[in-house]
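Undergrad: I am sharing structure37.txt, which consists of compact mmCIF, C-alpha atoms:
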```txt
# COMPACT_ATOMS: atom_id res chain seq x y z
CA MET Q 1 8.87 -36.87 -5.16
CA THR Q 2 6.66 -38.12 -2.35
CA VAL Q 3 3.14 -39.42 -2.58
CA THR Q 4 0.77 -38.92 0.32
CA THR Q 5 -2.84 -39.88 0.75
CA ILE Q 6 -5.31 -37.06 1.26
CA ALA Q 7 -9.05 -37.58 1.18
CA GLY Q 8 -8.46 -41.13 -0.04
CA ARG Q 9 -6.46 -39.96 -3.04
CA ASP Q 10 -2.78 -40.27 -3.87
CA ILE Q 11 -1.34 -36.77 -4.06
CA HIS Q 12 2.19 -35.76 -5.07
CA VAL Q 13 3.84 -33.45 -2.56
CA ASP Q 14 7.30 -32.03 -1.85
CA ALA Q 15 9.29 -32.80 1.29
CA GLU Q 16 7.28 -30.28 3.32
CA GLY Q 17 3.90 -31.40 2.04
CA PHE Q 18 3.12 -28.72 -0.57
CA LEU Q 19 1.41 -30.12 -3.64
CA THR Q 20 3.58 -30.43 -6.72
CA GLU Q 21 1.00 -31.34 -9.39
CA TYR Q 22 -1.27 -28.45 -10.36
CA ASP Q 23 -3.94 -30.73 -11.78
CA GLU Q 24 -4.29 -33.00 -8.77
CA TRP Q 25 -6.04 -30.18 -6.93
CA ASP Q 26 -9.79 -29.54 -6.80
CA ASP Q 27 -12.25 -27.85 -4.45
CA ASP Q 28 -12.79 -30.97 -2.35
CA LEU Q 29 -9.08 -31.41 -1.84
CA ALA Q 30 -8.74 -27.74 -0.88
CA LYS Q 31 -11.30 -28.24 1.86
CA GLN Q 32 -9.31 -31.17 3.17
CA LEU Q 33 -6.00 -29.26 2.98
CA ALA Q 34 -7.54 -26.32 4.81
CA GLU Q 35 -8.94 -28.56 7.52
CA GLN Q 36 -5.53 -30.16 8.03
CA ILE Q 37 -4.00 -26.78 8.91
CA GLY Q 38 -6.95 -25.57 10.94
CA VAL Q 39 -8.50 -23.14 8.44
CA ASP Q 40 -12.28 -22.98 8.01
CA LEU Q 41 -12.95 -21.97 4.42
CA THR Q 42 -15.37 -19.10 3.83
CA ASP Q 43 -16.19 -17.17 0.65
CA ALA Q 44 -13.41 -14.74 1.50
CA HIS Q 45 -10.90 -17.58 1.65
CA TRP Q 46 -12.14 -18.93 -1.66
CA GLN Q 47 -11.69 -15.55 -3.32
CA ALA Q 48 -8.01 -15.58 -2.40
CA ILE Q 49 -7.54 -19.24 -3.32
CA ARG Q 50 -9.20 -18.83 -6.72
CA PHE Q 51 -6.97 -15.85 -7.44
CA LEU Q 52 -3.87 -17.86 -6.51
CA ARG Q 53 -4.90 -20.69 -8.82
CA GLU Q 54 -5.61 -18.40 -11.76
CA ASP Q 55 -2.51 -16.27 -11.24
CA PHE Q 56 -0.28 -19.33 -11.02
CA ARG Q 57 -1.72 -20.68 -14.25
CA ALA Q 58 -1.11 -17.36 -15.99
CA GLN Q 59 2.26 -16.41 -14.46
CA GLY Q 60 3.82 -19.78 -13.69
CA GLU Q 61 4.57 -18.83 -10.11
CA THR Q 62 2.73 -18.49 -6.83
CA PRO Q 63 1.79 -14.86 -6.16
CA THR Q 64 3.25 -13.15 -3.11
CA LEU Q 65 1.11 -11.55 -0.43
CA ARG Q 66 1.66 -8.14 -2.00
CA ARG Q 67 0.50 -9.39 -5.37
CA VAL Q 68 -2.69 -10.80 -3.85
CA THR Q 69 -3.31 -7.38 -2.34
CA THR Q 70 -2.44 -5.21 -5.34
CA VAL Q 71 -3.79 -7.42 -8.15
CA ALA Q 72 -6.73 -9.23 -6.50
CA GLY Q 73 -7.54 -6.27 -4.26
CA ILE Q 74 -7.71 -8.24 -1.01
CA PRO Q 75 -6.26 -6.08 1.81
CA THR Q 76 -3.12 -7.48 3.46
CA LYS Q 77 -4.76 -7.06 6.86
CA ASP Q 78 -7.61 -9.34 5.81
CA LEU Q 79 -5.20 -11.99 4.56
CA PHE Q 80 -3.56 -12.11 7.99
CA VAL Q 81 -7.00 -12.68 9.52
CA LEU Q 82 -8.08 -15.33 6.99
CA PHE Q 83 -4.79 -17.24 7.07
CA PRO Q 84 -3.25 -16.37 10.45
CA LYS Q 85 0.47 -15.83 11.00
CA LYS Q 86 1.82 -17.14 7.70
CA PRO Q 87 -0.76 -16.11 5.10
CA ALA Q 88 1.37 -16.47 1.96
CA LYS Q 89 2.40 -20.03 2.72
CA LYS Q 90 -0.98 -21.15 4.04
CA MET Q 91 -2.79 -19.77 1.01
CA ALA Q 92 -0.32 -21.49 -1.29
CA TYR Q 93 -0.77 -24.79 0.52
CA ILE Q 94 -4.56 -24.74 0.38
CA ALA Q 95 -4.45 -23.67 -3.27
CA GLY Q 96 -2.22 -26.67 -4.02
CA LEU Q 97 0.70 -24.55 -5.17
CA PRO Q 98 4.39 -24.26 -4.22
CA LYS Q 99 5.46 -21.66 -1.66
CA PRO Q 100 5.95 -18.20 -3.20
CA HIS Q 101 9.55 -17.45 -4.16
CA GLY Q 102 9.38 -13.66 -4.28
CA CYS Q 103 10.66 -11.57 -1.36
CA VAL Q 104 7.86 -9.03 -1.40
CA MET M 1 14.25 -58.54 13.78
CA THR M 2 11.01 -56.91 12.93
CA THR M 3 9.92 -55.42 9.70
CA SER M 4 7.10 -53.02 9.32
CA THR M 5 5.28 -51.94 6.27
CA VAL M 6 3.35 -48.73 6.13
CA ASP M 7 0.01 -48.98 4.47
CA PRO M 8 -0.31 -45.79 2.42
CA ALA M 9 -4.05 -45.74 3.03
CA THR M 10 -3.60 -45.41 6.77
CA ALA M 11 -0.28 -43.52 6.91
CA PRO M 12 -0.61 -39.95 8.16
CA ALA M 13 -0.74 -37.37 5.38
CA ILE M 14 2.33 -35.21 4.94
CA VAL M 15 1.25 -31.77 6.09
CA PRO M 16 3.51 -28.70 6.24
CA ASN M 17 4.29 -27.53 9.75
CA PHE M 18 3.25 -23.90 9.99
CA GLY M 19 4.35 -23.76 13.60
CA ASP M 20 0.86 -22.90 14.85
CA ASP M 21 1.11 -25.27 17.80
CA GLU M 22 4.50 -24.04 18.98
CA PRO M 23 4.46 -20.33 19.74
CA THR M 24 8.14 -19.38 19.53
CA GLY M 25 7.69 -15.92 20.97
CA ARG M 26 10.21 -14.79 18.38
CA ARG M 27 10.39 -11.01 18.00
CA LEU M 28 12.52 -8.85 15.74
CA ALA M 29 13.74 -5.29 16.25
CA ILE M 30 15.22 -3.42 13.31
CA ILE M 31 17.00 -0.09 13.72
CA CYS M 32 17.01 1.86 10.45
CA SER M 33 19.72 4.53 10.61
CA LYS M 34 20.41 5.22 6.91
CA GLY M 35 18.60 7.53 4.52
CA ASN M 36 20.04 6.27 1.24
CA LEU M 37 17.67 4.55 -1.14
CA ASP M 38 19.80 1.40 -1.26
CA MET M 39 20.10 1.22 2.53
CA ALA M 40 16.38 1.74 3.14
CA TYR M 41 15.41 -1.55 1.56
CA PRO M 42 17.24 -4.19 3.63
CA GLY M 43 15.31 -3.31 6.79
CA LEU M 44 11.99 -3.03 4.97
CA ILE M 45 12.38 -6.31 3.12
CA LEU M 46 13.44 -8.18 6.24
CA ALA M 47 10.61 -6.68 8.29
CA ASN M 48 8.11 -7.69 5.64
CA ALA M 49 9.54 -11.21 5.49
CA ALA M 50 9.51 -11.58 9.29
CA LEU M 51 5.88 -10.45 9.49
CA GLY M 52 4.94 -12.92 6.78
CA GLU M 53 6.42 -15.64 9.00
CA GLY M 54 4.35 -14.57 11.96
CA VAL M 55 7.22 -12.82 13.77
CA GLU M 56 6.34 -9.71 15.82
CA THR M 57 8.41 -6.91 14.27
CA HIS M 58 9.37 -3.40 15.43
CA LEU M 59 11.27 -0.81 13.37
CA PHE M 60 13.01 2.18 14.95
CA PHE M 61 13.93 5.02 12.61
CA THR M 62 16.83 7.14 13.74
CA PHE M 63 19.26 9.73 12.35
CA TRP M 64 19.38 9.54 8.55
CA GLY M 65 16.88 6.70 8.69
CA PHE M 66 14.37 9.35 9.70
CA ASP M 67 14.11 10.27 6.02
CA MET M 68 12.38 6.92 5.44
CA ILE M 69 9.37 8.05 7.49
CA THR M 70 9.45 11.82 6.86
CA LYS M 71 6.53 12.55 4.52
CA SER M 72 8.40 15.15 2.48
CA ARG M 73 11.40 12.87 1.88
CA MET M 74 10.31 9.24 2.08
CA ASP M 75 9.52 9.00 -1.62
CA ASP M 76 12.62 10.93 -2.62
CA LEU M 77 15.50 8.89 -1.17
CA LYS M 78 18.63 8.88 -3.29
CA PHE M 79 21.40 6.54 -4.26
CA THR M 80 24.95 7.74 -4.78
CA MET M 81 27.92 5.99 -6.34
CA LEU M 82 30.25 8.02 -4.11
CA GLY M 83 32.03 5.92 -1.54
CA ASN M 84 30.43 2.76 -2.90
CA THR M 85 33.04 0.59 -4.62
CA ALA M 86 30.44 -2.06 -5.39
CA THR M 87 29.27 -0.05 -8.39
CA HIS M 88 32.68 -0.87 -9.97
CA MET M 89 32.78 2.57 -11.57
CA PRO M 90 35.56 5.17 -11.17
CA GLN M 91 34.85 7.05 -7.95
CA GLY M 92 35.50 10.43 -9.64
CA LEU M 93 32.51 9.81 -11.89
CA GLY M 94 30.13 9.68 -8.93
CA GLY M 95 30.99 13.26 -7.98
CA MET M 96 30.11 14.75 -11.35
CA PRO M 97 26.96 16.89 -11.58
CA GLY M 98 23.81 14.89 -12.17
CA MET M 99 25.37 11.51 -11.38
CA THR M 100 23.44 10.95 -8.14
CA ALA M 101 20.17 11.76 -9.89
CA MET M 102 21.04 9.38 -12.70
CA ALA M 103 22.16 6.59 -10.38
CA THR M 104 18.99 7.05 -8.30
CA HIS M 105 16.81 6.89 -11.40
CA MET M 106 18.49 3.68 -12.53
CA MET M 107 18.17 2.05 -9.13
CA ARG M 108 14.49 2.97 -8.85
CA LYS M 109 13.92 1.42 -12.25
CA GLN M 110 15.71 -1.78 -11.27
CA ILE M 111 13.74 -2.05 -8.02
CA ALA M 112 10.42 -1.47 -9.79
CA GLY M 113 11.52 -3.89 -12.52
CA ILE M 114 11.56 -6.82 -10.12
CA GLY M 115 8.18 -5.83 -8.71
CA VAL M 116 9.44 -4.39 -5.42
CA PRO M 117 7.36 -1.41 -4.28
CA THR M 118 8.52 2.08 -3.29
CA VAL M 119 9.54 2.94 0.27
CA PRO M 120 6.12 4.40 1.22
CA GLU M 121 4.38 1.34 -0.23
CA MET M 122 6.71 -0.99 1.67
CA LEU M 123 5.86 0.86 4.90
CA GLU M 124 2.16 0.58 4.12
CA GLN M 125 2.51 -3.16 3.63
CA ILE M 126 4.50 -3.54 6.86
CA VAL M 127 1.84 -1.69 8.85
CA ALA M 128 -0.94 -3.70 7.20
CA SER M 129 0.93 -6.88 8.18
CA GLY M 130 0.94 -5.82 11.82
CA GLY M 131 4.45 -4.30 12.00
CA HIS M 132 5.22 -1.46 14.42
CA LEU M 133 6.95 1.75 13.30
CA TRP M 134 8.67 3.98 15.88
CA ALA M 135 10.39 7.33 15.38
CA CYS M 136 13.46 8.41 17.34
CA ARG M 137 12.88 11.31 19.76
CA MET M 138 16.40 12.74 19.43
CA SER M 139 16.23 12.72 15.61
CA ALA M 140 12.85 14.48 15.69
CA ASP M 141 14.24 17.14 18.02
CA MET M 142 17.40 17.62 15.94
CA MET M 143 15.46 18.02 12.72
CA HIS M 144 12.65 20.06 14.31
CA LEU M 145 10.00 17.59 13.19
CA ASP M 146 6.89 16.37 14.99
CA GLU M 147 4.33 13.62 14.36
CA SER M 148 2.53 15.72 11.75
CA ASP M 149 5.66 15.57 9.56
CA LEU M 150 5.85 11.79 9.76
CA TYR M 151 4.22 8.93 7.90
CA ASP M 152 0.79 8.19 9.37
CA GLY M 153 1.68 4.58 10.17
CA VAL M 154 4.31 5.69 12.70
CA GLU M 155 2.86 4.85 16.12
CA ALA M 156 4.80 7.40 18.16
CA ILE M 157 8.00 9.33 18.65
CA ILE M 158 9.82 7.53 21.45
CA ASN M 159 13.25 7.70 23.02
CA ALA M 160 15.94 5.04 22.86
CA SER M 161 15.09 3.63 26.30
CA ASP M 162 11.44 3.24 25.32
CA PHE M 163 12.48 1.26 22.25
CA ILE M 164 14.80 -0.98 24.25
CA GLU M 165 11.97 -1.58 26.70
CA LYS M 166 9.42 -2.35 23.95
CA THR M 167 11.74 -4.84 22.29
CA ASP M 168 12.70 -6.81 25.39
CA GLY M 169 14.01 -10.19 24.33
CA ALA M 170 13.86 -9.41 20.61
CA GLN M 171 16.52 -10.23 18.07
CA LEU M 172 18.05 -6.98 16.90
CA LEU M 173 19.31 -5.73 13.55
CA PHE M 174 21.13 -2.42 13.12
CA ILE M 175 21.10 -1.13 9.57
```
Translate this structure into structure tokens?
TA:
Amino acid sequence: MTVTTIAGRDIHVDAEGFLTEYDEWDDDLAKQLAEQIGVDLTDAHWQAIRFLREDFRAQGETPTLRRVTTVAGIPTKDLFVLFPKKPAKKMAYIAGLPKPHGCV
Amino acid sequence: MTTSTVDPATAPAIVPNFGDDEPTGRRLAIICSKGNLDMAYPGLILANAALGEGVETHLFFTFWGFDMITKSRMDDLKFTMLGNTATHMPQGLGGMPGMTAMATHMMRKQIAGIGVPTVPEMLEQIVASGGHLWACRMSADMMHLDESDLYDGVEAIINASDFIEKTDGAQLLFI
């Protein structure tokens, strides 16, 4: 387990930098995480991030892109615009969750 | 000898590398040549995964793989035990009436059970993720089909040379 300092706080992360402690995350941290990977958070981003947080709490795993589309109703196309190139991983990172494990 | 200590307050934060600063130019071309339910998925799953990693992806549907994009058949692909020793069942059983329907039903249930969508839904997701679907000209001619018979997300019916040209420099998978 590695500890890194983000926004003046000690945060537990894995080897790649994804947060490992669900409760260390809050909105302010999300803004910082997003800024670090070049994402400007808008309401549309927050909708996806809030869904990821809630779904992880309920299901115990990070939702895949398809799940965000089918369950939260955010079109896949939009997710690629909001979180360019690697939407599933970028969303997970900003939401302070591990990378999704599912294939689809 | 020098020693250095890193002050955690000033050390750079550990941030995942999403590769945004290093465009790899990686492209993937997948040729789908099979029309069996079990052989439709590998190409679709890999295409979806590649797109999710920011890799430009092209799929070319040819011969039996044409069933995957033919509207009347794409949601009715079948799985047969015949000729497939990996089911570990006596081969004679696979040839009995109704066995293909039963095996197909079971496989569909297993696929749905792990949350993987149907073939048309996979195609929809691939197109929404920016993937390119191409239909093989020779297969269309052989089967007397035109664009109106094909899934709407298919960009065009093209010949083999066109596909080779479009996928210049791409990594290629033949399934």
Undergrad: When the cut-off is 10 Å and we count all atoms listed in the file, which residues of chain Q are near chain M, given as a ChimeraX atom specification?
TA: /Q:2-11,13-19,33,36-38,65-67,69,75-81,84-90,93,102-104
Undergrad: Mind listing as a short mmCIF file (atom, residue, chain, number, x, y, z; two decimals) with C-alpha atoms, keeping the file's coordinate frame all residues within 12 Å of (2.0, -6.8, 20.6), counting all atoms listed in the file?
TA:
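Dumped to point-v4.cif:
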```cif
data_model
loop_
_atom_site.label_atom_id
_atom_site.label_comp_id
_atom_site.auth_asym_id
_atom_site.auth_seq_id
_atom_site.Cartn_x
_atom_site.Cartn_y
_atom_site.Cartn_z
CA GLY M 25 7.69 -15.92 20.97
CA ARG M 26 10.21 -14.79 18.38
CA ARG M 27 10.39 -11.01 18.00
CA LEU M 28 12.52 -8.85 15.74
CA GLY M 54 4.35 -14.57 11.96
CA VAL M 55 7.22 -12.82 13.77
CA GLU M 56 6.34 -9.71 15.82
CA THR M 57 8.41 -6.91 14.27
CA HIS M 58 9.37 -3.40 15.43
CA GLY M 130 0.94 -5.82 11.82
CA GLY M 131 4.45 -4.30 12.00
CA HIS M 132 5.22 -1.46 14.42
CA LYS M 166 9.42 -2.35 23.95
CA THR M 167 11.74 -4.84 22.29
CA ASP M 168 12.70 -6.81 25.39
#
```
Undergrad: Please, what distance in Å, to one decimal, runs between CA of Ile164 (chain M) and CA of Pro42 (chain M)?
TA: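 Value for the CA of Ile164 (chain M)-CA of Pro42 (chain M) distance: 21.0 Å.
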Undergrad: In Å to one decimal, how far is CA of Ala101 (chain M) from CA of His144 (chain M)?
TA: 26.7 Å
Undergrad: From the set M:Pro120, M:Gly113, M:Gly95, M:Gly153, which residue has the shortest atom-to-atom contact distance to Trp134 (chain M), counting all atoms listed in the file?
TA: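 Comparing M:Pro120, M:Gly113, M:Gly95, M:Gly153 against Trp134 (chain M), the winner is M:Gly153.
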Undergrad: For Phe56 (chain Q), which residue out of Q:Asp40, Q:Asp28, Q:Glu35, Q:Asp23 is the nearest one, using only C-alpha atoms?
TA: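 Selected residue with least distance to Phe56 (chain Q): Q:Asp23.
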Undergrad: Identify which of the residues M:Val119, M:Ala140, M:Leu133, M:Leu172 lies closest to Lys78 (chain M), counting only C-alpha atoms when measuring atom-to-atom distances.
TA: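 Comparing M:Val119, M:Ala140, M:Leu133, M:Leu172 against Lys78 (chain M), the winner is M:Val119.
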Undergrad: Restricting the calculation to all atoms listed in the file: of Q:Pro63, Q:Phe83, Q:Leu41, Q:Gly73, which residue gets closest to Pro100 (chain Q)?
TA: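 Once distances to Pro100 (chain Q) are computed over all atoms listed in the file, the minimum belongs to Q:Pro63.
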Undergrad: Which residue gives the smallest distance to Asp162 (chain M) among M:His105, M:Glu22, M:Met96, M:Cys136, with only C-alpha atoms counted?
TA: M:Cys136
Undergrad: Could you jot down the CA of Met138 (chain M) to CA of Ala29 (chain M) separation for me, Å, one decimal place?
TA: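 It comes out at 18.5 Å.
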Undergrad: For Gly169 (chain M), which of M:Asn84, M:Ser148, M:Thr24, M:Arg108 is the closest residue, counting all atoms listed in the file?
TA: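 Going through M:Asn84, M:Ser148, M:Thr24, M:Arg108 one by one, the smallest distance to Gly169 (chain M) is for M:Thr24.
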Undergrad: As a PDB file, keeping the file's coordinate frame, please: region 12-23 of chain Q completed to all heavy atoms.
TA:
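Final file, part_15.pdb:
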```
ATOM      1  N   HIS Q  12       0.744 -36.001  -5.053  1.00  0.00           N
ATOM      2  CA  HIS Q  12       2.190 -35.760  -5.070  1.00  0.00           C
ATOM      3  C   HIS Q  12       2.508 -34.488  -4.285  1.00  0.00           C
ATOM      4  O   HIS Q  12       1.915 -33.441  -4.536  1.00  0.00           O
ATOM      5  CB  HIS Q  12       2.697 -35.623  -6.508  1.00  0.00           C
ATOM      6  CG  HIS Q  12       2.659 -36.914  -7.260  1.00  0.00           C
ATOM      7  ND1 HIS Q  12       1.511 -37.380  -7.865  1.00  0.00           N
ATOM      8  CD2 HIS Q  12       3.622 -37.842  -7.474  1.00  0.00           C
ATOM      9  CE1 HIS Q  12       1.771 -38.554  -8.433  1.00  0.00           C
ATOM     10  NE2 HIS Q  12       3.042 -38.854  -8.210  1.00  0.00           N
ATOM     11  N   VAL Q  13       3.454 -34.607  -3.372  1.00  0.00           N
ATOM     12  CA  VAL Q  13       3.840 -33.450  -2.560  1.00  0.00           C
ATOM     13  C   VAL Q  13       5.368 -33.361  -2.479  1.00  0.00           C
ATOM     14  O   VAL Q  13       6.068 -34.336  -2.765  1.00  0.00           O
ATOM     15  CB  VAL Q  13       3.269 -33.538  -1.122  1.00  0.00           C
ATOM     16  CG1 VAL Q  13       1.758 -33.481  -1.123  1.00  0.00           C
ATOM     17  CG2 VAL Q  13       3.763 -34.804  -0.419  1.00  0.00           C
ATOM     18  N   ASP Q  14       5.860 -32.166  -2.088  1.00  0.00           N
ATOM     19  CA  ASP Q  14       7.300 -32.030  -1.850  1.00  0.00           C
ATOM     20  C   ASP Q  14       7.611 -32.464  -0.418  1.00  0.00           C
ATOM     21  O   ASP Q  14       6.723 -32.921   0.308  1.00  0.00           O
ATOM     22  CB  ASP Q  14       7.771 -30.592  -2.156  1.00  0.00           C
ATOM     23  CG  ASP Q  14       7.197 -29.560  -1.185  1.00  0.00           C
ATOM     24  OD1 ASP Q  14       6.613 -29.947  -0.162  1.00  0.00           O
ATOM     25  OD2 ASP Q  14       7.322 -28.356  -1.478  1.00  0.00           O
ATOM     26  N   ALA Q  15       8.864 -32.298  -0.022  1.00  0.00           N
ATOM     27  CA  ALA Q  15       9.290 -32.800   1.290  1.00  0.00           C
ATOM     28  C   ALA Q  15       8.486 -32.183   2.441  1.00  0.00           C
ATOM     29  O   ALA Q  15       8.284 -32.810   3.480  1.00  0.00           O
ATOM     30  CB  ALA Q  15      10.777 -32.535   1.484  1.00  0.00           C
ATOM     31  N   GLU Q  16       8.039 -30.932   2.245  1.00  0.00           N
ATOM     32  CA  GLU Q  16       7.280 -30.280   3.320  1.00  0.00           C
ATOM     33  C   GLU Q  16       5.800 -30.610   3.301  1.00  0.00           C
ATOM     34  O   GLU Q  16       5.095 -30.359   4.271  1.00  0.00           O
ATOM     35  CB  GLU Q  16       7.417 -28.757   3.192  1.00  0.00           C
ATOM     36  CG  GLU Q  16       8.746 -28.206   3.661  1.00  0.00           C
ATOM     37  CD  GLU Q  16       8.759 -26.696   3.546  1.00  0.00           C
ATOM     38  OE1 GLU Q  16       8.281 -26.039   4.483  1.00  0.00           O
ATOM     39  OE2 GLU Q  16       9.216 -26.176   2.512  1.00  0.00           O
ATOM     40  N   GLY Q  17       5.320 -31.071   2.149  1.00  0.00           N
ATOM     41  CA  GLY Q  17       3.900 -31.400   2.040  1.00  0.00           C
ATOM     42  C   GLY Q  17       3.125 -30.513   1.074  1.00  0.00           C
ATOM     43  O   GLY Q  17       1.909 -30.676   0.917  1.00  0.00           O
ATOM     44  N   PHE Q  18       3.798 -29.568   0.426  1.00  0.00           N
ATOM     45  CA  PHE Q  18       3.120 -28.720  -0.570  1.00  0.00           C
ATOM     46  C   PHE Q  18       2.900 -29.521  -1.848  1.00  0.00           C
ATOM     47  O   PHE Q  18       3.788 -30.258  -2.290  1.00  0.00           O
ATOM     48  CB  PHE Q  18       3.965 -27.476  -0.889  1.00  0.00           C
ATOM     49  CG  PHE Q  18       3.949 -26.445   0.200  1.00  0.00           C
ATOM     50  CD1 PHE Q  18       4.777 -26.575   1.314  1.00  0.00           C
ATOM     51  CD2 PHE Q  18       3.104 -25.341   0.125  1.00  0.00           C
ATOM     52  CE1 PHE Q  18       4.754 -25.632   2.337  1.00  0.00           C
ATOM     53  CE2 PHE Q  18       3.074 -24.394   1.145  1.00  0.00           C
ATOM     54  CZ  PHE Q  18       3.901 -24.541   2.256  1.00  0.00           C
ATOM     55  N   LEU Q  19       1.724 -29.367  -2.431  1.00  0.00           N
ATOM     56  CA  LEU Q  19       1.410 -30.120  -3.640  1.00  0.00           C
ATOM     57  C   LEU Q  19       2.340 -29.738  -4.800  1.00  0.00           C
ATOM     58  O   LEU Q  19       2.723 -28.574  -4.933  1.00  0.00           O
ATOM     59  CB  LEU Q  19      -0.045 -29.857  -4.063  1.00  0.00           C
ATOM     60  CG  LEU Q  19      -1.097 -30.821  -3.467  1.00  0.00           C
ATOM     61  CD1 LEU Q  19      -1.157 -30.662  -1.954  1.00  0.00           C
ATOM     62  CD2 LEU Q  19      -2.461 -30.570  -4.080  1.00  0.00           C
ATOM     63  N   THR Q  20       2.678 -30.713  -5.602  1.00  0.00           N
ATOM     64  CA  THR Q  20       3.580 -30.430  -6.720  1.00  0.00           C
ATOM     65  C   THR Q  20       2.896 -30.571  -8.086  1.00  0.00           C
ATOM     66  O   THR Q  20       3.454 -30.175  -9.085  1.00  0.00           O
ATOM     67  CB  THR Q  20       4.814 -31.367  -6.684  1.00  0.00           C
ATOM     68  OG1 THR Q  20       4.347 -32.720  -6.636  1.00  0.00           O
ATOM     69  CG2 THR Q  20       5.677 -31.081  -5.456  1.00  0.00           C
ATOM     70  N   GLU Q  21       1.699 -31.161  -8.109  1.00  0.00           N
ATOM     71  CA  GLU Q  21       1.000 -31.340  -9.390  1.00  0.00           C
ATOM     72  C   GLU Q  21      -0.237 -30.449  -9.423  1.00  0.00           C
ATOM     73  O   GLU Q  21      -1.213 -30.699  -8.715  1.00  0.00           O
ATOM     74  CB  GLU Q  21       0.593 -32.806  -9.585  1.00  0.00           C
ATOM     75  CG  GLU Q  21       1.750 -33.777  -9.627  1.00  0.00           C
ATOM     76  CD  GLU Q  21       2.698 -33.512 -10.790  1.00  0.00           C
ATOM     77  OE1 GLU Q  21       2.209 -33.123 -11.884  1.00  0.00           O
ATOM     78  OE2 GLU Q  21       3.923 -33.661 -10.590  1.00  0.00           O
ATOM     79  N   TYR Q  22      -0.179 -29.428 -10.266  1.00  0.00           N
ATOM     80  CA  TYR Q  22      -1.270 -28.450 -10.360  1.00  0.00           C
ATOM     81  C   TYR Q  22      -2.626 -29.121 -10.555  1.00  0.00           C
ATOM     82  O   TYR Q  22      -3.622 -28.740  -9.941  1.00  0.00           O
ATOM     83  CB  TYR Q  22      -0.977 -27.496 -11.523  1.00  0.00           C
ATOM     84  CG  TYR Q  22      -1.951 -26.350 -11.674  1.00  0.00           C
ATOM     85  CD1 TYR Q  22      -1.760 -25.162 -10.978  1.00  0.00           C
ATOM     86  CD2 TYR Q  22      -3.061 -26.451 -12.518  1.00  0.00           C
ATOM     87  CE1 TYR Q  22      -2.645 -24.099 -11.108  1.00  0.00           C
ATOM     88  CE2 TYR Q  22      -3.962 -25.400 -12.656  1.00  0.00           C
ATOM     89  CZ  TYR Q  22      -3.749 -24.232 -11.951  1.00  0.00           C
ATOM     90  OH  TYR Q  22      -4.627 -23.188 -12.079  1.00  0.00           O
ATOM     91  N   ASP Q  23      -2.650 -30.147 -11.394  1.00  0.00           N
ATOM     92  CA  ASP Q  23      -3.940 -30.730 -11.780  1.00  0.00           C
ATOM     93  C   ASP Q  23      -4.512 -31.742 -10.783  1.00  0.00           C
ATOM     94  O   ASP Q  23      -5.631 -32.219 -10.963  1.00  0.00           O
ATOM     95  CB  ASP Q  23      -3.824 -31.377 -13.170  1.00  0.00           C
ATOM     96  CG  ASP Q  23      -3.572 -30.309 -14.232  1.00  0.00           C
ATOM     97  OD1 ASP Q  23      -4.130 -29.206 -14.092  1.00  0.00           O
ATOM     98  OD2 ASP Q  23      -2.794 -30.584 -15.170  1.00  0.00           O
TER      99      ASP Q  23
END
```
